[in-house]
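Have a look at upload.tsv below; it lists TSV, C-alpha atoms.
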chain	number	residue	atom	x	y	z
H	1	MET	CA	0.00	0.00	0.00
H	2	SER	CA	1.45	3.35	-1.00
H	3	ALA	CA	1.98	5.97	1.64
H	4	THR	CA	-0.58	8.75	1.79
H	5	ALA	CA	0.80	12.00	0.41
H	6	PRO	CA	1.16	14.68	3.09
H	7	ARG	CA	-1.56	17.30	3.06
H	8	PRO	CA	-0.23	20.70	1.88
H	9	ALA	CA	0.01	23.32	4.61
H	10	GLY	CA	-2.36	26.23	4.24
H	11	LEU	CA	-5.85	27.53	4.91
H	12	THR	CA	-8.77	26.77	2.64
H	13	ILE	CA	-11.00	29.59	1.46
H	14	GLY	CA	-13.70	28.34	3.85
H	15	MET	CA	-11.29	28.60	6.79
H	16	VAL	CA	-10.34	32.12	5.76
H	17	LEU	CA	-14.01	33.07	5.54
H	18	THR	CA	-14.59	31.81	9.08
H	19	MET	CA	-11.57	33.76	10.37
H	20	LEU	CA	-12.81	37.04	8.86
H	21	GLN	CA	-16.58	36.79	9.35
H	22	SER	CA	-16.64	38.07	12.92
H	23	GLU	CA	-14.97	41.31	11.86
H	24	PHE	CA	-16.47	41.76	8.39
H	25	LYS	CA	-20.14	40.80	8.38
H	26	ASN	CA	-20.54	41.07	4.60
H	27	ILE	CA	-17.51	38.98	3.67
H	28	SER	CA	-18.22	36.02	1.41
H	29	ILE	CA	-16.34	33.43	-0.60
H	30	SER	CA	-17.22	35.30	-3.80
H	31	LYS	CA	-15.76	38.48	-2.29
H	32	ILE	CA	-12.48	36.71	-1.51
H	33	ARG	CA	-12.38	35.24	-5.01
H	34	PHE	CA	-13.07	38.66	-6.47
H	35	LEU	CA	-10.14	40.22	-4.57
H	36	GLU	CA	-7.98	37.37	-5.81
H	37	SER	CA	-9.12	38.00	-9.41
H	38	LYS	CA	-7.89	41.59	-9.02
H	39	GLY	CA	-4.48	40.37	-7.91
H	40	LEU	CA	-4.83	41.80	-4.40
H	41	VAL	CA	-4.14	38.43	-2.82
H	42	VAL	CA	-2.44	35.44	-4.47
H	43	PRO	CA	-2.98	32.15	-2.59
H	44	GLU	CA	-1.07	29.04	-3.49
H	45	ARG	CA	-2.81	26.14	-5.20
H	46	ALA	CA	-2.83	22.54	-4.05
H	47	ARG	CA	-2.40	19.78	-6.64
H	48	SER	CA	-6.16	19.36	-6.54
H	49	GLY	CA	-6.58	23.00	-7.52
H	50	TYR	CA	-7.89	24.20	-4.15
H	51	ARG	CA	-6.73	27.59	-2.94
H	52	LEU	CA	-4.41	27.50	0.06
H	53	PHE	CA	-4.00	30.73	1.96
H	54	SER	CA	-1.17	31.57	4.34
H	55	ASN	CA	-1.55	33.59	7.54
H	56	GLU	CA	0.09	36.45	5.65
H	57	ASP	CA	-2.63	36.21	3.01
H	58	VAL	CA	-5.28	36.45	5.72
H	59	GLU	CA	-3.67	39.56	7.22
H	60	ARG	CA	-3.43	41.08	3.76
H	61	LEU	CA	-7.13	40.45	3.22
H	62	ARG	CA	-7.92	41.89	6.65
H	63	LEU	CA	-6.00	45.07	5.77
H	64	ILE	CA	-7.72	45.41	2.39
H	65	LEU	CA	-11.19	44.90	3.86
H	66	THR	CA	-10.51	47.34	6.71
H	67	VAL	CA	-9.36	50.07	4.32
H	68	GLN	CA	-12.38	49.47	2.08
H	69	ARG	CA	-14.70	49.74	5.06
H	70	ASP	CA	-13.07	52.64	6.92
H	71	ALA	CA	-11.39	54.74	4.24
H	72	TYR	CA	-13.55	53.96	1.16
H	73	LEU	CA	-10.53	53.71	-1.12
H	74	PRO	CA	-11.21	52.39	-4.64
H	75	LEU	CA	-9.60	49.04	-5.48
H	76	LYS	CA	-7.18	50.69	-7.92
H	77	VAL	CA	-5.84	52.92	-5.15
H	78	ILE	CA	-5.68	49.97	-2.75
H	79	ALA	CA	-3.69	47.97	-5.32
H	80	ASP	CA	-1.25	50.85	-5.85
H	81	LYS	CA	-0.73	51.30	-2.11
H	82	LEU	CA	-0.25	47.58	-1.62
H	83	ALA	CA	2.39	47.65	-4.33
H	84	ASP	CA	4.37	50.46	-2.71
H	85	GLY	CA	3.79	49.22	0.84
H	86	SER	CA	1.88	52.28	2.02
H	87	LEU	CA	-1.62	50.85	2.50
H	88	SER	CA	-1.29	50.39	6.26
H	89	ASP	CA	-0.29	54.07	6.53
H	90	VAL	CA	-3.88	54.97	5.67
H	91	LEU	CA	-5.10	53.34	8.88
H	92	ASN	CA	-2.18	54.62	10.91
H	93	ALA	CA	-3.06	58.17	9.86
H	94	LYS	CA	0.44	58.72	8.49
H	95	GLU	CA	-1.17	60.04	5.35
H	96	GLU	CA	-4.65	61.35	4.66
H	97	PRO	CA	-6.64	59.08	2.35
H	98	GLU	CA	-8.18	61.03	-0.49
H	99	PRO	CA	-10.65	58.79	-2.32
H	100	SER	CA	-12.48	61.93	-3.37
H	101	PRO	CA	-12.79	65.61	-2.48
H	102	ARG	CA	-13.50	66.80	1.04
H	103	LEU	CA	-15.55	69.85	1.95
H	104	ARG	CA	-14.07	72.04	4.64
H	105	SER	CA	-16.02	72.38	7.84
H	106	VAL	CA	-17.84	75.53	8.91
H	107	LYS	CA	-18.71	76.63	12.41
H	108	ALA	CA	-22.23	76.19	13.69
H	109	ASP	CA	-24.08	79.09	15.29
H	110	GLU	CA	-23.15	77.75	18.72
H	111	GLY	CA	-19.47	78.07	17.85
H	112	LYS	CA	-18.94	74.32	17.55
H	113	PRO	CA	-17.27	73.11	14.36
H	114	GLN	CA	-19.46	71.24	11.92
H	115	ASP	CA	-18.28	67.73	11.02
H	116	THR	CA	-16.20	67.50	7.87
H	117	VAL	CA	-18.09	65.97	4.98
H	118	GLN	CA	-16.22	63.28	3.08
H	119	LEU	CA	-17.16	61.81	-0.28
H	120	PRO	CA	-17.62	58.87	-0.41
H	121	MET	CA	-19.42	58.95	2.89
H	122	ASP	CA	-18.01	58.61	6.35
H	123	ARG	CA	-19.12	55.53	8.24
H	124	LEU	CA	-22.88	55.62	8.55
H	125	PRO	CA	-25.54	53.75	10.52
H	126	HIS	CA	-26.96	50.66	8.88
H	127	GLU	CA	-30.60	51.51	9.58
H	128	PRO	CA	-32.83	54.49	8.68
H	129	ILE	CA	-32.84	57.30	11.23
H	130	THR	CA	-35.46	59.73	12.54
H	131	ALA	CA	-35.59	63.42	11.72
H	132	ALA	CA	-34.55	64.26	15.28
H	133	GLU	CA	-31.47	62.02	15.05
H	134	LEU	CA	-30.60	63.42	11.63
H	135	GLN	CA	-30.78	66.98	12.94
H	136	ARG	CA	-28.71	66.08	15.99
H	137	ARG	CA	-25.99	64.50	13.88
H	138	THR	CA	-25.81	67.21	11.23
H	139	GLY	CA	-26.90	70.45	12.88
H	140	VAL	CA	-29.53	71.29	10.25
H	141	ASP	CA	-32.72	72.88	11.53
H	142	ALA	CA	-36.25	71.83	10.61
H	143	GLU	CA	-36.57	74.51	7.92
H	144	VAL	CA	-33.37	73.49	6.12
H	145	LEU	CA	-34.31	69.81	6.41
H	146	SER	CA	-37.69	70.56	4.87
H	147	GLY	CA	-35.95	72.36	2.00
H	148	ILE	CA	-33.67	69.37	1.46
H	149	VAL	CA	-36.67	67.06	1.19
H	150	LYS	CA	-38.54	69.44	-1.14
H	151	ALA	CA	-35.46	69.65	-3.38
H	152	GLY	CA	-35.59	65.87	-3.71
H	153	LEU	CA	-32.11	65.38	-2.25
H	154	VAL	CA	-33.37	62.81	0.28
H	155	GLU	CA	-36.51	60.73	0.50
H	156	LEU	CA	-38.33	59.42	3.57
H	157	ASP	CA	-39.29	55.78	3.82
H	158	ARG	CA	-42.83	54.61	4.53
H	159	LEU	CA	-42.19	54.99	8.27
H	160	GLY	CA	-41.09	58.60	7.89
H	161	LYS	CA	-37.42	57.85	8.52
H	162	TYR	CA	-34.38	58.99	6.55
H	163	PRO	CA	-31.76	56.82	4.79
H	164	PRO	CA	-28.22	56.81	6.26
H	165	GLN	CA	-27.01	58.75	3.20
H	166	ALA	CA	-29.08	61.69	4.43
H	167	ILE	CA	-26.34	62.42	6.99
H	168	PRO	CA	-23.57	63.55	4.60
H	169	ILE	CA	-26.18	65.12	2.31
H	170	CYS	CA	-27.47	67.28	5.16
H	171	GLN	CA	-23.93	68.08	6.30
H	172	SER	CA	-23.09	69.27	2.79
H	173	VAL	CA	-26.26	71.35	2.49
H	174	ARG	CA	-25.63	72.91	5.90
H	175	ILE	CA	-22.24	74.12	4.71
H	176	LEU	CA	-23.84	75.57	1.59
H	177	THR	CA	-26.74	77.24	3.41
H	178	ALA	CA	-24.31	78.76	5.91
H	179	HIS	CA	-22.97	80.74	2.96
H	180	GLY	CA	-26.34	81.72	1.54
H	181	ILE	CA	-27.00	78.92	-0.95
H	182	ASP	CA	-30.66	77.92	-0.77
H	183	PRO	CA	-31.55	74.20	-0.92
H	184	ARG	CA	-34.07	75.04	-3.66
H	185	HIS	CA	-31.12	75.79	-5.95
H	186	LEU	CA	-29.90	72.22	-5.55
H	187	THR	CA	-32.84	70.51	-7.24
H	188	THR	CA	-30.82	69.94	-10.40
H	189	LEU	CA	-28.43	67.75	-8.39
H	190	ARG	CA	-31.18	65.17	-7.96
H	191	VAL	CA	-31.96	65.20	-11.67
H	192	THR	CA	-28.28	64.83	-12.53
H	193	ALA	CA	-27.80	62.04	-9.97
H	194	SER	CA	-30.78	60.11	-11.40
H	195	ARG	CA	-29.31	60.33	-14.89
H	196	GLU	CA	-25.83	59.30	-13.73
H	197	SER	CA	-27.21	56.41	-11.69
H	198	GLY	CA	-28.63	55.04	-14.91
H	199	HIS	CA	-25.18	55.23	-16.51
H	200	VAL	CA	-23.64	53.44	-13.53
H	201	GLU	CA	-26.27	50.71	-13.64
H	202	GLN	CA	-25.56	50.14	-17.32
H	203	ALA	CA	-21.81	49.99	-16.68
H	204	VAL	CA	-22.12	47.31	-13.99
H	205	ALA	CA	-24.89	45.29	-15.64
H	206	HIS	CA	-22.42	42.74	-17.02
H	207	LYS	CA	-21.11	41.93	-13.53
H	208	VAL	CA	-22.84	38.84	-12.16
H	209	ALA	CA	-21.08	38.44	-8.80
H	210	PRO	CA	-22.67	40.85	-6.26
H	211	ASP	CA	-19.31	41.76	-4.66
H	212	GLU	CA	-17.69	42.50	-8.01
H	213	ARG	CA	-20.73	44.52	-9.05
H	214	GLN	CA	-20.70	46.57	-5.84
H	215	ALA	CA	-16.96	47.22	-6.01
H	216	LEU	CA	-17.22	48.55	-9.56
H	217	MET	CA	-20.23	50.63	-8.62
H	218	ASN	CA	-18.29	52.20	-5.71
H	219	ASP	CA	-15.39	53.06	-8.01
H	220	LEU	CA	-17.70	54.67	-10.58
H	221	ILE	CA	-19.51	56.71	-7.93
H	222	ALA	CA	-16.15	57.93	-6.59
H	223	ALA	CA	-15.12	58.87	-10.14
H	224	TYR	CA	-18.33	60.84	-10.67
H	225	ALA	CA	-17.84	62.62	-7.33
H	226	ALA	CA	-14.28	63.60	-8.24
H	227	LEU	CA	-15.43	64.70	-11.71
H	228	HIS	CA	-18.07	66.99	-10.20
H	229	HIS	CA	-15.45	68.48	-7.88
H	230	TRP	CA	-12.91	69.28	-10.59
H	231	VAL	CA	-15.42	70.50	-13.17
H	232	LEU	CA	-16.90	72.87	-10.56
H	233	ASP	CA	-13.40	73.91	-9.50
H	234	ALA	CA	-12.47	74.73	-13.09
H	235	ALA	CA	-15.73	76.57	-13.74
H	236	THR	CA	-15.31	78.67	-10.60
H	237	LYS	CA	-11.75	79.67	-11.47
H	238	ASN	CA	-12.74	80.54	-15.02
H	239	SER	CA	-15.74	82.65	-14.04

Show me, as structure tokens, the structure contained in the file I just sent.
Amino acid sequence: MSATAPRPAGLTIGMVLTMLQSEFKNISISKIRFLESKGLVVPERARSGYRLFSNEDVERLRLILTVQRDAYLPLKVIADKLADGSLSDVLNAKEEPEPSPRLRSVKADEGKPQDTVQLPMDRLPHEPITAAELQRRTGVDAEVLSGIVKAGLVELDRLGKYPPQAIPICQSVRILTAHGIDPRHLTTLRVTASRESGHVEQAVAHKVAPDERQALMNDLIAAYAALHHWVLDAATKNS
């Protein structure tokens, strides 16, 4: 009887999933495979073809997922920073991540600084929030909030609550209204966003895997946000 070949050392993709699930609730095998397809992690292969991850691979995945979750960096930027060894600096605050433009803060009437608005969004709650909670988090008053709703920038759900995205939207509008820009003048933003969302949906339609689809969608949204920033910047300087 021939001796049984020794089992190759390494972690299967299922083991890796189990190790990461407690920290990243939305992690899935398809997500790990997607990151591998982008060259962000390169596990070894057993003779049978199964992926075998090392502990270093797991830590690399943990770093990538943390930066995606906390800093909203596009995959292209993550790949570049992995290549030059600077990705962990993003989390260590040695450099400021700039996935897209930031709006400077303005002081509230009480003299307290308004939170900085970051695009893509800062970490948000997972559930809809009440008007009172939205006002507490953003500093907008009832009149401004009403103007935001009338402009179509946010929509209430059937229970009268606001989506998490309403937080950075209201923060942005508060900065604008503090300098005399009326929410009514922002109606065209909703029309533009609806048109661009259609373009994004078309661009990701060929992606079957949910994680791959969402990753591409995030990158396209970040690109649109940056485009708006620089086109407005150029128009302002040329006016």

List as a PyMOL selection string the protein and nucleic acid residues near Leu17 of chain H, meaning an atom at most 9 Å away when only C-alpha atoms are counted, but skip any in the same chain fewer than 2 places from it. chain H and resi 12-15+19-21+27-29+32

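Near Leu65 of chain H, within 9 Å and counting only C-alpha atoms, sit Phe24, Ile27, Arg60, Leu61, Arg69 and Asp70 of chain H; same-chain residues fewer than 4 positions away were not included.
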
By how many Å are atom CA of Gln171 of chain H and atom CA of Val77 of chain H apart?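 Calculated distance between atom CA of Gln171 of chain H and atom CA of Val77 of chain H is 26.2 Å.
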
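Atom to atom, atom CA of Leu73 of chain H and atom CA of Ser86 of chain H stand 12.9 Å apart.
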
Two-atom distance - atom CA of Glu36 of chain H, atom CA of Tyr224 of chain H (Å):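 Calculated distance between atom CA of Glu36 of chain H and atom CA of Tyr224 of chain H is 26.1 Å.
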
Residues near segment 154-168 of chain H, cut-off 7 Å, all atoms listed in the file, skip fewer than 2 positions along chain, as a VMD selection string: chain H and resid 117 121 124 to 131 134 138 148 to 149 152 170 to 172

Selected residues written out, C-alpha atoms, as a CSV table (one decimal), keeping the file's coordinate frame:
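The new file again_38.csv reads:
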chain,number,residue,atom,x,y,z
H,117,VAL,CA,-18.1,66.0,5.0
H,121,MET,CA,-19.4,59.0,2.9
H,124,LEU,CA,-22.9,55.6,8.6
H,125,PRO,CA,-25.5,53.8,10.5
H,126,HIS,CA,-27.0,50.7,8.9
H,127,GLU,CA,-30.6,51.5,9.6
H,128,PRO,CA,-32.8,54.5,8.7
H,129,ILE,CA,-32.8,57.3,11.2
H,130,THR,CA,-35.5,59.7,12.5
H,131,ALA,CA,-35.6,63.4,11.7
H,134,LEU,CA,-30.6,63.4,11.6
H,138,THR,CA,-25.8,67.2,11.2
H,148,ILE,CA,-33.7,69.4,1.5
H,149,VAL,CA,-36.7,67.1,1.2
H,152,GLY,CA,-35.6,65.9,-3.7
H,170,CYS,CA,-27.5,67.3,5.2
H,171,GLN,CA,-23.9,68.1,6.3
H,172,SER,CA,-23.1,69.3,2.8

Please report, as a tab-separated table, each residue of segment 198-239 of chain H lying at most 12 Å from segment 177-192 of chain H, together with the nearest pair of atoms and the separation in Å rounded to one decimal; use all atoms listed in the file, and order rows by chain and ascending residue number.
residue	atom	partner	partner_atom	distance
H:Gly198	CA	H:Thr192	CA	10.1
H:His199	CA	H:Thr192	CA	10.8
H:Tyr224	CA	H:Thr192	CA	10.9
H:Ala225	CA	H:Leu189	CA	11.8
H:His228	CA	H:Leu189	CA	10.5

For Ala215 of chain H, which of H:Gln68, H:Asn55, H:Ser22, H:Ser146 is the closest residue, counting only C-alpha atoms?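 Looking at the shortest contact to Ala215 of chain H, the residue is H:Gln68.
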
Listed atoms of segment 136-155 of chain H, axis-aligned box, 5 Å per side: centre and edge lengths to one decimal in Å, as AutoDock Vina command-line options?
--center_x -32.2 --center_y 67.6 --center_z 6.1 --size_x 22.7 --size_y 23.8 --size_z 29.7

Which residue is closest to Ala79 of chain H? Choose from H:Leu153, H:Lys38, H:Phe53, H:Leu91 and count only C-alpha atoms.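 Result for the nearest residue to Ala79 of chain H: H:Lys38.
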
Selection: 10 Å around segment 204-206 of chain H, all atoms listed in the file, excl. self and same-chain fewer than 4 positions, as a ChimeraX atom specification: /H:199-200,212-217,220

Using all atoms listed in the file, which protein or nucleic acid residues come within 10 Å of Val42 of chain H? Drop anything in the same chain fewer than 5 positions from it, and give the result as a PyMOL selection string. chain H and resi 33+35-37+51-54+57

Quick test: take segment 126-140 of chain H, keep N, CA, C and O atoms, and write it as a tab-separated table (two decimals), in the first residue's frame.
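Writing done, so here's part14.tsv:
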chain	number	residue	atom	x	y	z
H	126	HIS	N	-26.45	51.64	9.85
H	126	HIS	CA	-26.96	50.66	8.88
H	126	HIS	C	-28.47	50.75	8.70
H	126	HIS	O	-29.01	50.21	7.74
H	127	GLU	N	-29.14	51.43	9.62
H	127	GLU	CA	-30.60	51.51	9.58
H	127	GLU	C	-31.06	52.94	9.34
H	127	GLU	O	-30.32	53.90	9.63
H	128	PRO	N	-32.28	53.14	8.82
H	128	PRO	CA	-32.83	54.49	8.68
H	128	PRO	C	-32.90	55.21	10.02
H	128	PRO	O	-32.99	54.57	11.07
H	129	ILE	N	-32.84	56.52	10.00
H	129	ILE	CA	-32.84	57.30	11.23
H	129	ILE	C	-34.00	58.30	11.21
H	129	ILE	O	-34.53	58.66	10.17
H	130	THR	N	-34.37	58.77	12.40
H	130	THR	CA	-35.46	59.73	12.54
H	130	THR	C	-34.97	61.13	12.20
H	130	THR	O	-33.77	61.40	12.14
H	131	ALA	N	-35.93	62.02	12.00
H	131	ALA	CA	-35.59	63.42	11.72
H	131	ALA	C	-34.81	64.03	12.88
H	131	ALA	O	-33.86	64.79	12.67
H	132	ALA	N	-35.22	63.71	14.11
H	132	ALA	CA	-34.55	64.26	15.28
H	132	ALA	C	-33.09	63.81	15.33
H	132	ALA	O	-32.19	64.61	15.62
H	133	GLU	N	-32.84	62.54	15.05
H	133	GLU	CA	-31.47	62.02	15.05
H	133	GLU	C	-30.66	62.63	13.92
H	133	GLU	O	-29.48	62.97	14.09
H	134	LEU	N	-31.28	62.81	12.78
H	134	LEU	CA	-30.60	63.42	11.63
H	134	LEU	C	-30.19	64.86	11.95
H	134	LEU	O	-29.07	65.28	11.66
H	135	GLN	N	-31.09	65.60	12.58
H	135	GLN	CA	-30.78	66.98	12.94
H	135	GLN	C	-29.69	67.03	14.01
H	135	GLN	O	-28.81	67.91	13.97
H	136	ARG	N	-29.73	66.10	14.94
H	136	ARG	CA	-28.71	66.08	15.99
H	136	ARG	C	-27.33	65.79	15.41
H	136	ARG	O	-26.34	66.41	15.81
H	137	ARG	N	-27.27	64.89	14.46
H	137	ARG	CA	-25.99	64.50	13.88
H	137	ARG	C	-25.41	65.56	12.94
H	137	ARG	O	-24.19	65.66	12.79
H	138	THR	N	-26.28	66.31	12.28
H	138	THR	CA	-25.81	67.21	11.23
H	138	THR	C	-25.92	68.69	11.57
H	138	THR	O	-25.29	69.51	10.91
H	139	GLY	N	-26.75	69.04	12.53
H	139	GLY	CA	-26.90	70.45	12.88
H	139	GLY	C	-27.86	71.23	12.01
H	139	GLY	O	-28.01	72.44	12.18
H	140	VAL	N	-28.56	70.57	11.07
H	140	VAL	CA	-29.53	71.29	10.25
H	140	VAL	C	-30.79	71.51	11.06
H	140	VAL	O	-31.16	70.68	11.88
